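**Student:** One file is attached below, structure30.pdb, containing PDB, C-alpha atoms and all ligand atoms.
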```
ATOM      1  CA  MET N 288      56.336 -48.820  25.323
ATOM      2  CA  ARG N 289      58.415 -45.820  24.384
ATOM      3  CA  TYR N 290      57.722 -46.397  20.722
ATOM      4  CA  GLN N 291      53.980 -46.715  21.372
ATOM      5  CA  SER N 292      53.698 -43.521  23.388
ATOM      6  CA  SER N 293      55.590 -41.479  20.794
ATOM      7  CA  GLY N 294      53.255 -42.985  18.195
ATOM      8  CA  LYS N 295      50.280 -41.800  20.248
ATOM      9  CA  MET N 296      51.919 -38.415  20.537
ATOM     10  CA  MET N 297      52.249 -38.258  16.734
ATOM     11  CA  VAL N 298      48.554 -39.083  16.333
ATOM     12  CA  LEU N 299      47.678 -36.422  18.882
ATOM     13  CA  ILE N 300      49.824 -33.815  17.118
ATOM     14  CA  PHE N 301      48.292 -34.799  13.792
ATOM     15  CA  LEU N 302      44.760 -34.424  15.188
ATOM     16  CA  LEU N 303      45.588 -31.084  16.761
ATOM     17  CA  ALA N 304      47.001 -29.821  13.458
ATOM     18  CA  LEU N 305      43.932 -31.087  11.594
ATOM     19  CA  PHE N 306      41.527 -29.388  14.007
ATOM     20  CA  SER N 307      43.383 -26.097  13.863
ATOM     21  CA  VAL N 308      43.333 -26.165  10.048
ATOM     22  CA  LEU N 309      39.611 -26.982  10.081
ATOM     23  CA  GLY N 310      39.026 -24.293  12.715
ATOM     24  CA  ALA N 311      40.869 -21.671  10.680
ATOM     25  CA  GLN N 312      38.914 -22.655   7.576
ATOM     26  CA  GLN N 313      35.648 -22.406   9.488
ATOM     27  CA  ALA N 314      36.583 -18.971  10.869
ATOM     28  CA  LYS N 315      37.417 -17.838   7.337
ATOM     29  CA  ASP N 316      34.071 -19.093   6.035
ATOM     30  CA  GLN N 317      32.298 -17.315   8.858
ATOM     31  CA  ALA N 318      34.152 -14.076   8.124
ATOM     32  CA  ARG N 319      33.141 -14.336   4.474
ATOM     33  CA  LYS N 320      29.519 -14.974   5.438
ATOM     34  CA  PHE N 321      29.687 -11.988   7.773
ATOM     35  CA  THR N 322      30.910  -9.596   5.101
ATOM     36  CA  GLN N 323      28.617 -10.876   2.374
ATOM     37  CA  GLN N 324      25.395 -11.506   4.230
ATOM     38  CA  LYS N 325      25.332 -10.082   7.708
ATOM     39  CA  LYS N 326      26.790  -6.627   7.344
ATOM     40  CA  THR N 327      24.252  -3.875   6.903
ATOM     41  CA  THR N 328      24.564  -0.114   6.692
ATOM     42  CA  GLU N 329      24.188  -0.135  10.525
ATOM     43  CA  ASP N 330      27.689  -1.563  10.860
ATOM     44  CA  PRO N 331      29.805   0.967  12.852
ATOM     45  CA  TRP N 332      32.884   0.434  10.653
ATOM     46  CA  PHE N 333      30.843   0.996   7.500
ATOM     47  CA  ARG N 334      29.288   4.182   8.922
ATOM     48  CA  GLN N 335      32.606   5.604  10.111
ATOM     49  CA  GLU N 336      34.729   4.759   7.060
ATOM     50  CA  PHE N 337      31.962   5.440   4.554
ATOM     51  CA  PHE N 338      33.267   6.532   1.129
ATOM     52  CA  SER N 339      36.943   6.383   2.166
ATOM     53  CA  GLU N 340      39.356   5.624  -0.657
ATOM     54  CA  GLN N 341      40.007   2.240   0.897
ATOM     55  CA  MET N 342      36.308   1.358   0.995
ATOM     56  CA  ARG N 343      35.774   2.469  -2.573
ATOM     57  CA  ALA N 344      38.778   0.433  -3.734
ATOM     58  CA  GLN N 345      37.719  -2.710  -1.831
ATOM     59  CA  ARG N 346      33.982  -2.529  -2.365
ATOM     60  CA  GLU N 347      33.826  -6.224  -3.256
ATOM     61  CA  VAL N 348      34.065  -7.124   0.436
ATOM     62  CA  LEU N 349      30.950  -5.055   1.223
ATOM     63  CA  SER N 350      27.561  -6.667   1.686
ATOM     64  CA  PRO N 351      25.090  -6.054  -1.165
ATOM     65  CA  SER N 352      23.200  -3.364   0.815
ATOM     66  CA  CYS N 353      26.403  -1.522   1.779
ATOM     67  CA  LYS N 354      27.740  -1.679  -1.767
ATOM     68  CA  HIS N 355      24.419  -0.530  -3.201
ATOM     69  CA  PHE N 356      24.307   2.473  -0.875
ATOM     70  CA  LEU N 357      27.933   3.412  -1.606
ATOM     71  CA  GLU N 358      27.322   3.303  -5.346
ATOM     72  CA  GLN N 359      24.112   5.342  -5.161
ATOM     73  CA  VAL N 360      25.966   8.094  -3.312
ATOM     74  CA  GLU N 361      28.898   7.848  -5.711
ATOM     75  CA  LYS N 362      26.550   8.410  -8.633
ATOM     76  CA  GLU N 363      24.654  11.368  -7.217
ATOM     77  CA  ILE N 364      27.121  13.579  -5.321
ATOM     78  CA  THR N 365      27.978  16.464  -7.618
ATOM     79  CA  TYR N 366      29.076  19.629  -5.792
ATOM     80  CA  TYR N 367      30.792  20.629  -2.575
ATOM     81  CA  PRO N 368      28.080  22.226  -0.362
ATOM     82  CA  VAL N 369      29.808  25.598   0.094
ATOM     83  CA  PRO N 370      30.835  27.422  -3.106
ATOM     84  CA  GLU N 371      34.095  29.341  -3.257
ATOM     85  CA  SER N 372      33.903  33.093  -3.340
ATOM     86  CA  SER N 373      35.056  34.448  -6.682
ATOM     87  CA  VAL N 374      35.441  37.854  -4.984
ATOM     88  CA  ASP N 375      37.164  37.192  -1.653
ATOM     89  CA  PRO N 376      39.548  34.200  -1.458
ATOM     90  CA  SER N 377      39.791  34.583   2.329
ATOM     91  CA  LEU N 378      36.230  33.272   2.676
ATOM     92  CA  THR N 379      37.206  29.664   3.213
ATOM     93  CA  VAL N 380      35.685  26.833   5.241
ATOM     94  CA  SER N 381      37.452  24.020   7.066
ATOM     95  CA  TYR N 382      36.357  20.729   8.580
ATOM     96  CA  GLU N 383      37.721  17.793  10.491
ATOM     97  CA  ASN N 384      36.820  14.141  10.767
ATOM     98  CA  GLY N 385      34.622  14.641  13.835
ATOM     99  CA  TRP N 386      32.415  11.604  13.413
ATOM    100  CA  MET N 387      30.836  10.594  16.739
ATOM    101  CA  ALA N 388      32.729  13.291  18.663
ATOM    102  CA  GLU N 389      31.011  14.325  21.879
ATOM    103  CA  ARG N 390      28.480  17.156  21.716
ATOM    104  CA  LYS N 391      26.653  18.714  24.630
ATOM    105  CA  TYR N 392      23.208  20.205  24.402
ATOM    106  CA  LYS N 393      20.967  19.349  27.348
ATOM    107  CA  ASP N 394      22.483  15.869  27.383
ATOM    108  CA  THR N 395      25.664  14.501  25.833
ATOM    109  CA  HIS N 396      25.287  12.977  22.402
ATOM    110  CA  ALA N 397      27.506  11.661  19.617
ATOM    111  CA  HIS N 398      28.001  13.928  16.620
ATOM    112  CA  GLU N 399      26.416  12.378  13.529
ATOM    113  CA  GLY N 400      27.843  14.558  10.798
ATOM    114  CA  THR N 401      30.593  16.916   9.699
ATOM    115  CA  ASP N 402      30.857  20.608  10.634
ATOM    116  CA  LEU N 403      32.145  23.007   7.982
ATOM    117  CA  MET N 404      33.495  25.971   9.931
ATOM    118  CA  ALA N 405      33.444  29.488   8.466
ATOM    119  CA  ALA N 406      36.767  31.370   8.419
ATOM    120  CA  ARG N 407      34.771  34.593   8.662
ATOM    121  CA  GLN N 408      32.526  34.227  11.697
ATOM    122  CA  GLU N 409      29.541  36.074  10.281
ATOM    123  CA  SER N 410      26.047  34.700   9.650
ATOM    124  CA  GLY N 411      24.421  35.060   6.251
ATOM    125  CA  ILE N 412      27.618  35.408   4.161
ATOM    126  CA  TYR N 413      28.426  31.905   2.911
ATOM    127  CA  PRO N 414      25.934  30.355   0.490
ATOM    128  CA  VAL N 415      24.971  26.701   1.036
ATOM    129  CA  ILE N 416      24.093  24.666  -2.055
ATOM    130  CA  SER N 417      22.700  21.210  -2.668
ATOM    131  CA  ILE N 418      25.273  18.454  -3.187
ATOM    132  CA  THR N 419      22.799  16.411  -5.233
ATOM    133  CA  ASN N 420      19.624  16.563  -7.252
ATOM    134  CA  GLY N 421      16.555  15.744  -5.156
ATOM    135  CA  THR N 422      13.452  16.988  -3.415
ATOM    136  CA  VAL N 423      12.983  19.240  -0.380
ATOM    137  CA  THR N 424      11.516  16.836   2.195
ATOM    138  CA  ASN N 425      12.049  18.935   5.341
ATOM    139  CA  ILE N 426      12.357  22.645   5.886
ATOM    140  CA  GLY N 427      11.962  24.651   9.090
ATOM    141  CA  TRP N 428      13.172  24.839  12.669
ATOM    142  CA  LEU N 429      14.581  21.986  14.718
ATOM    143  CA  GLU N 430      15.686  22.533  18.297
ATOM    144  CA  LYS N 431      19.107  20.961  17.694
ATOM    145  CA  GLY N 432      19.495  21.751  13.993
ATOM    146  CA  GLY N 433      18.126  25.296  13.929
ATOM    147  CA  TYR N 434      16.925  26.348  10.472
ATOM    148  CA  ARG N 435      17.563  23.221   8.455
ATOM    149  CA  VAL N 436      16.822  21.834   4.995
ATOM    150  CA  GLY N 437      16.517  18.119   4.279
ATOM    151  CA  ILE N 438      16.970  17.017   0.679
ATOM    152  CA  THR N 439      16.024  13.481  -0.323
ATOM    153  CA  SER N 440      18.007  12.515  -3.406
ATOM    154  CA  ASP N 441      16.582  10.442  -6.245
ATOM    155  CA  SER N 442      18.147   7.304  -4.670
ATOM    156  CA  GLY N 443      16.330   7.977  -1.378
ATOM    157  CA  THR N 444      19.405   9.155   0.525
ATOM    158  CA  TYR N 445      18.763  12.031   2.940
ATOM    159  CA  TYR N 446      21.122  15.034   2.984
ATOM    160  CA  TYR N 447      20.681  17.247   6.042
ATOM    161  CA  TYR N 448      21.938  20.872   6.072
ATOM    162  CA  ALA N 449      21.621  22.529   9.499
ATOM    163  CA  HIS N 450      22.160  25.783  11.454
ATOM    164  CA  LEU N 451      21.306  28.046   8.495
ATOM    165  CA  GLU N 452      20.857  31.792   8.889
ATOM    166  CA  SER N 453      18.156  31.990   6.205
ATOM    167  CA  TYR N 454      16.611  30.043   3.340
ATOM    168  CA  ALA N 455      16.531  30.438  -0.401
ATOM    169  CA  ASN N 456      12.998  30.616  -1.788
ATOM    170  CA  LEU N 457      12.094  26.962  -1.100
ATOM    171  CA  LYS N 458       9.207  24.896   0.152
ATOM    172  CA  LYS N 459       8.563  21.262   0.958
ATOM    173  CA  GLY N 460       8.134  19.202  -2.225
ATOM    174  CA  ASP N 461      10.261  21.461  -4.454
ATOM    175  CA  SER N 462      12.613  19.760  -6.892
ATOM    176  CA  ILE N 463      16.247  20.730  -6.435
ATOM    177  CA  ARG N 464      19.178  20.561  -8.820
ATOM    178  CA  ALA N 465      22.722  19.895  -7.583
ATOM    179  CA  GLY N 466      24.378  23.272  -7.078
ATOM    180  CA  GLN N 467      21.126  25.084  -6.343
ATOM    181  CA  LEU N 468      21.122  27.585  -3.481
ATOM    182  CA  LEU N 469      19.464  26.262  -0.293
ATOM    183  CA  GLY N 470      20.221  29.168   2.038
ATOM    184  CA  TYR N 471      23.003  30.884   3.946
ATOM    185  CA  MET N 472      25.316  29.562   6.633
ATOM    186  CA  GLY N 473      24.577  30.649  10.177
ATOM    187  CA  ASP N 474      24.621  29.677  13.839
ATOM    188  CA  SER N 475      20.956  28.878  14.473
ATOM    189  CA  GLY N 476      19.829  26.150  16.872
ATOM    190  CA  TYR N 477      20.149  24.828  20.408
ATOM    191  CA  GLY N 478      16.968  26.447  21.677
ATOM    192  CA  PRO N 479      13.486  27.674  20.744
ATOM    193  CA  GLU N 480      12.879  28.956  17.205
ATOM    194  CA  GLY N 481      15.172  31.828  16.305
ATOM    195  CA  THR N 482      17.939  30.995  18.800
ATOM    196  CA  THR N 483      21.393  31.953  17.484
ATOM    197  CA  GLY N 484      24.898  32.450  18.838
ATOM    198  CA  GLN N 485      25.160  29.253  20.882
ATOM    199  CA  PHE N 486      28.178  28.094  18.825
ATOM    200  CA  ALA N 487      30.420  29.194  15.929
ATOM    201  CA  VAL N 488      29.009  29.900  12.455
ATOM    202  CA  HIS N 489      29.138  26.639  10.518
ATOM    203  CA  LEU N 490      27.246  24.256   8.290
ATOM    204  CA  HIS N 491      26.388  20.902   9.817
ATOM    205  CA  LEU N 492      26.109  18.266   7.104
ATOM    206  CA  GLY N 493      24.484  14.893   7.738
ATOM    207  CA  ILE N 494      23.985  11.967   5.355
ATOM    208  CA  TYR N 495      21.421   9.263   6.094
ATOM    209  CA  SER N 496      20.874   5.900   4.481
ATOM    210  CA  TYR N 497      17.451   4.285   4.307
ATOM    211  CA  GLU N 498      18.616   0.896   3.040
ATOM    212  CA  ASN N 499      16.204  -1.870   4.127
ATOM    213  CA  GLY N 500      13.835   0.760   5.523
ATOM    214  CA  LYS N 501      16.131   1.625   8.435
ATOM    215  CA  GLU N 502      17.592   5.082   9.027
ATOM    216  CA  ASN N 503      21.345   5.162   9.588
ATOM    217  CA  SER N 504      23.667   8.135   9.509
ATOM    218  CA  VAL N 505      27.032   7.743   7.810
ATOM    219  CA  ASN N 506      30.151   9.879   8.141
ATOM    220  CA  PRO N 507      30.093  12.697   5.522
ATOM    221  CA  TYR N 508      33.838  13.407   5.941
ATOM    222  CA  TYR N 509      35.127  11.322   3.018
ATOM    223  CA  VAL N 510      32.289  12.496   0.793
ATOM    224  CA  LEU N 511      33.440  16.077   1.442
ATOM    225  CA  ARG N 512      37.059  15.123   0.746
ATOM    226  CA  PHE N 513      35.932  13.640  -2.565
ATOM    227  CA  LEU N 514      34.026  16.836  -3.437
ATOM    228  CA  GLU N 515      36.963  19.169  -2.646
ATOM    229  CA  ASN N 516      37.747  19.568  -6.330
ATOM    230  CA  LYS N 517      34.075  19.976  -7.231
ATOM    231  CA  LYS N 518      33.535  23.439  -5.841
ATOM    232  CA  LEU N 519      31.344  25.948  -7.624
ATOM    233  CA  LYS N 520      32.215  29.641  -7.602
ATOM    234  CA  TYR N 521      29.678  32.176  -6.439
ATOM    235  CA  ALA N 522      30.251  35.937  -6.227
ATOM    236  CA  TYR N 523      29.834  36.783  -2.526
ATOM    237  CA  SER N 524      31.710  38.758   0.092
TER     238      SER N 524
HETATM  239 ZN    ZN N 601      27.527  19.349  13.661
END
```
Show me this structure written as structure tokens.
**Tutor:**
Amino acid sequence: MRYQSSGKMMVLIFLLALFSVLGAQQAKDQARKFTQQKKTTEDPWFRQEFFSEQMRAQREVLSPSCKHFLEQVEKEITYYPVPESSVDPSLTVSYENGWMAERKYKDTHAHEGTDLMAARQESGIYPVISITNGTVTNIGWLEKGGYRVGITSDSGTYYYYAHLESYANLKKGDSIRAGQLLGYMGDSGYGPEGTTGQFAVHLHLGIYSYENGKENSVNPYYVLRFLENKKLKYAYS
């Protein structure tokens, strides 16, 4: 009897071990399917960590649509959006990784972009240039964005520059080269057309993917980090 029951126990242990191995294998297969087939550019991790060094190094785990979007952006981003001043080195900008931080205007919403804050809090001083080649697809006032310019790059990615003080000589449909002046940094927005002074002078940058026909914002922070050593110099003070 004792021998038999320990034999049964052995069989039971063997079966348990077998099932856990099979289970682990199945979970692994599912994880692989998830990364290769299911993940889209809507994935919160993809949007938050977009263009980080880690993502760029491990791009093989990305789904085809995520990888495609990453590589389009990699190919087209050329210049940091705020040139350095060749005249006054104190005219710097700074930014933090504020993806999805809380913002309040009328209601509370999550911040879908990166704010480049002006060291000198004065509208109309800092030039804002296009990061990429593309086309002007939106220009004009938005209640939240103030005077904004939207550039659609050749890959179909949308680059959104908001809260400007004024525009360069641009109109909808114009072709834009990377490095071309779009306007000047300001503090416009959060009200009817012409509202200013509701927050600090800064450039709000947004980046939007249209993979699979769906609009999704991604975090511009790591794109900006990448462009840190691609700053143009303009003479302004
Ligand atoms: Zn912002």
**Student:** Kindly compile the residues surrounding ligand ZN 601 (chain N) within 12 Å, counting all atoms listed in the file, and format them as a CSV table (one decimal) with C-alpha atoms, in the coordinates of the input.
**Tutor:**
```csv
chain,number,residue,atom,x,y,z
N,382,TYR,CA,36.4,20.7,8.6
N,383,GLU,CA,37.7,17.8,10.5
N,384,ASN,CA,36.8,14.1,10.8
N,385,GLY,CA,34.6,14.6,13.8
N,386,TRP,CA,32.4,11.6,13.4
N,387,MET,CA,30.8,10.6,16.7
N,388,ALA,CA,32.7,13.3,18.7
N,389,GLU,CA,31.0,14.3,21.9
N,390,ARG,CA,28.5,17.2,21.7
N,391,LYS,CA,26.7,18.7,24.6
N,392,TYR,CA,23.2,20.2,24.4
N,396,HIS,CA,25.3,13.0,22.4
N,397,ALA,CA,27.5,11.7,19.6
N,398,HIS,CA,28.0,13.9,16.6
N,399,GLU,CA,26.4,12.4,13.5
N,400,GLY,CA,27.8,14.6,10.8
N,401,THR,CA,30.6,16.9,9.7
N,402,ASP,CA,30.9,20.6,10.6
N,403,LEU,CA,32.1,23.0,8.0
N,404,MET,CA,33.5,26.0,9.9
N,431,LYS,CA,19.1,21.0,17.7
N,432,GLY,CA,19.5,21.8,14.0
N,433,GLY,CA,18.1,25.3,13.9
N,435,ARG,CA,17.6,23.2,8.5
N,447,TYR,CA,20.7,17.2,6.0
N,448,TYR,CA,21.9,20.9,6.1
N,449,ALA,CA,21.6,22.5,9.5
N,450,HIS,CA,22.2,25.8,11.5
N,451,LEU,CA,21.3,28.0,8.5
N,474,ASP,CA,24.6,29.7,13.8
N,475,SER,CA,21.0,28.9,14.5
N,476,GLY,CA,19.8,26.2,16.9
N,477,TYR,CA,20.1,24.8,20.4
N,486,PHE,CA,28.2,28.1,18.8
N,487,ALA,CA,30.4,29.2,15.9
N,488,VAL,CA,29.0,29.9,12.5
N,489,HIS,CA,29.1,26.6,10.5
N,490,LEU,CA,27.2,24.3,8.3
N,491,HIS,CA,26.4,20.9,9.8
N,492,LEU,CA,26.1,18.3,7.1
N,493,GLY,CA,24.5,14.9,7.7
N,494,ILE,CA,24.0,12.0,5.4
N,506,ASN,CA,30.2,9.9,8.1
N,507,PRO,CA,30.1,12.7,5.5
N,508,TYR,CA,33.8,13.4,5.9
```
**Student:** Name all residues at most 9 Å from N:Lys520 (count all atoms listed in the file; drop same-chain ones fewer than 6 positions away) and give them as a list in words.
**Tutor:**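 Counting only the stated atoms, we get Pro370, Glu371, Ser372 and Ser373 of chain N.
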**Student:** Quick one, how far is atom CA of N:Tyr521 from atom CA of N:Leu378?
**Tutor:**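 Atom CA of N:Leu378 lies at a distance of 11.3 Å from atom CA of N:Tyr521.
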**Student:** Report the residues retrieved by the PyMOL selection byres (((chain N and resi 409) around 9) and not hetatm) from the displayed file, expressed as a list in words.
**Tutor:**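 So the PyMOL selection byres (((chain N and resi 409) around 9) and not hetatm), applied here, picks out Ala405, Ala406, Arg407, Gln408, Ser410, Gly411, Ile412, Tyr413, Met472, Gly473, Asp474, Ala487 and Val488 of chain N.
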**Student:** Quick one: apply the PyMOL selection byres (((chain N and resi 343-352) around 7) and not hetatm) to the file and drop the selected residues here as a list in words.
**Tutor:**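 Applying the PyMOL selection byres (((chain N and resi 343-352) around 7) and not hetatm) to the structure shown produces Thr322, Gln323, Gln324, Lys326, Thr327, Thr328, Phe338, Ser339, Glu340, Gln341, Met342, Cys353, Lys354, His355, Phe356 and Glu498 of chain N.
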**Student:** Between atom CA of N:Tyr446 and atom CA of N:Val423, measure the distance and give it in Å to one decimal.
**Tutor:**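 Value for the atom CA of N:Tyr446-atom CA of N:Val423 distance: 9.8 Å.
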**Student:** Using Å and a single decimal, report how far atom CA of N:Val380 sits from atom CA of N:Trp332.
**Tutor:**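 Interatomic distance here is 27.1 Å.
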**Student:** Nearest to N:Val360: which of N:Val505, N:Leu457, N:Leu303, N:Ala522 is it, counting only C-alpha atoms?
**Tutor:**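 Comparing N:Val505, N:Leu457, N:Leu303, N:Ala522 against N:Val360, the winner is N:Val505.
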**Student:** Dump as a ChimeraX atom specification all residues having an atom at most 12 Å from (16.7, 5.7, 5.4), computed in the file's coordinates with all atoms listed in the file.
**Tutor:** /N:328-329,356,439-440,442-446,494-505
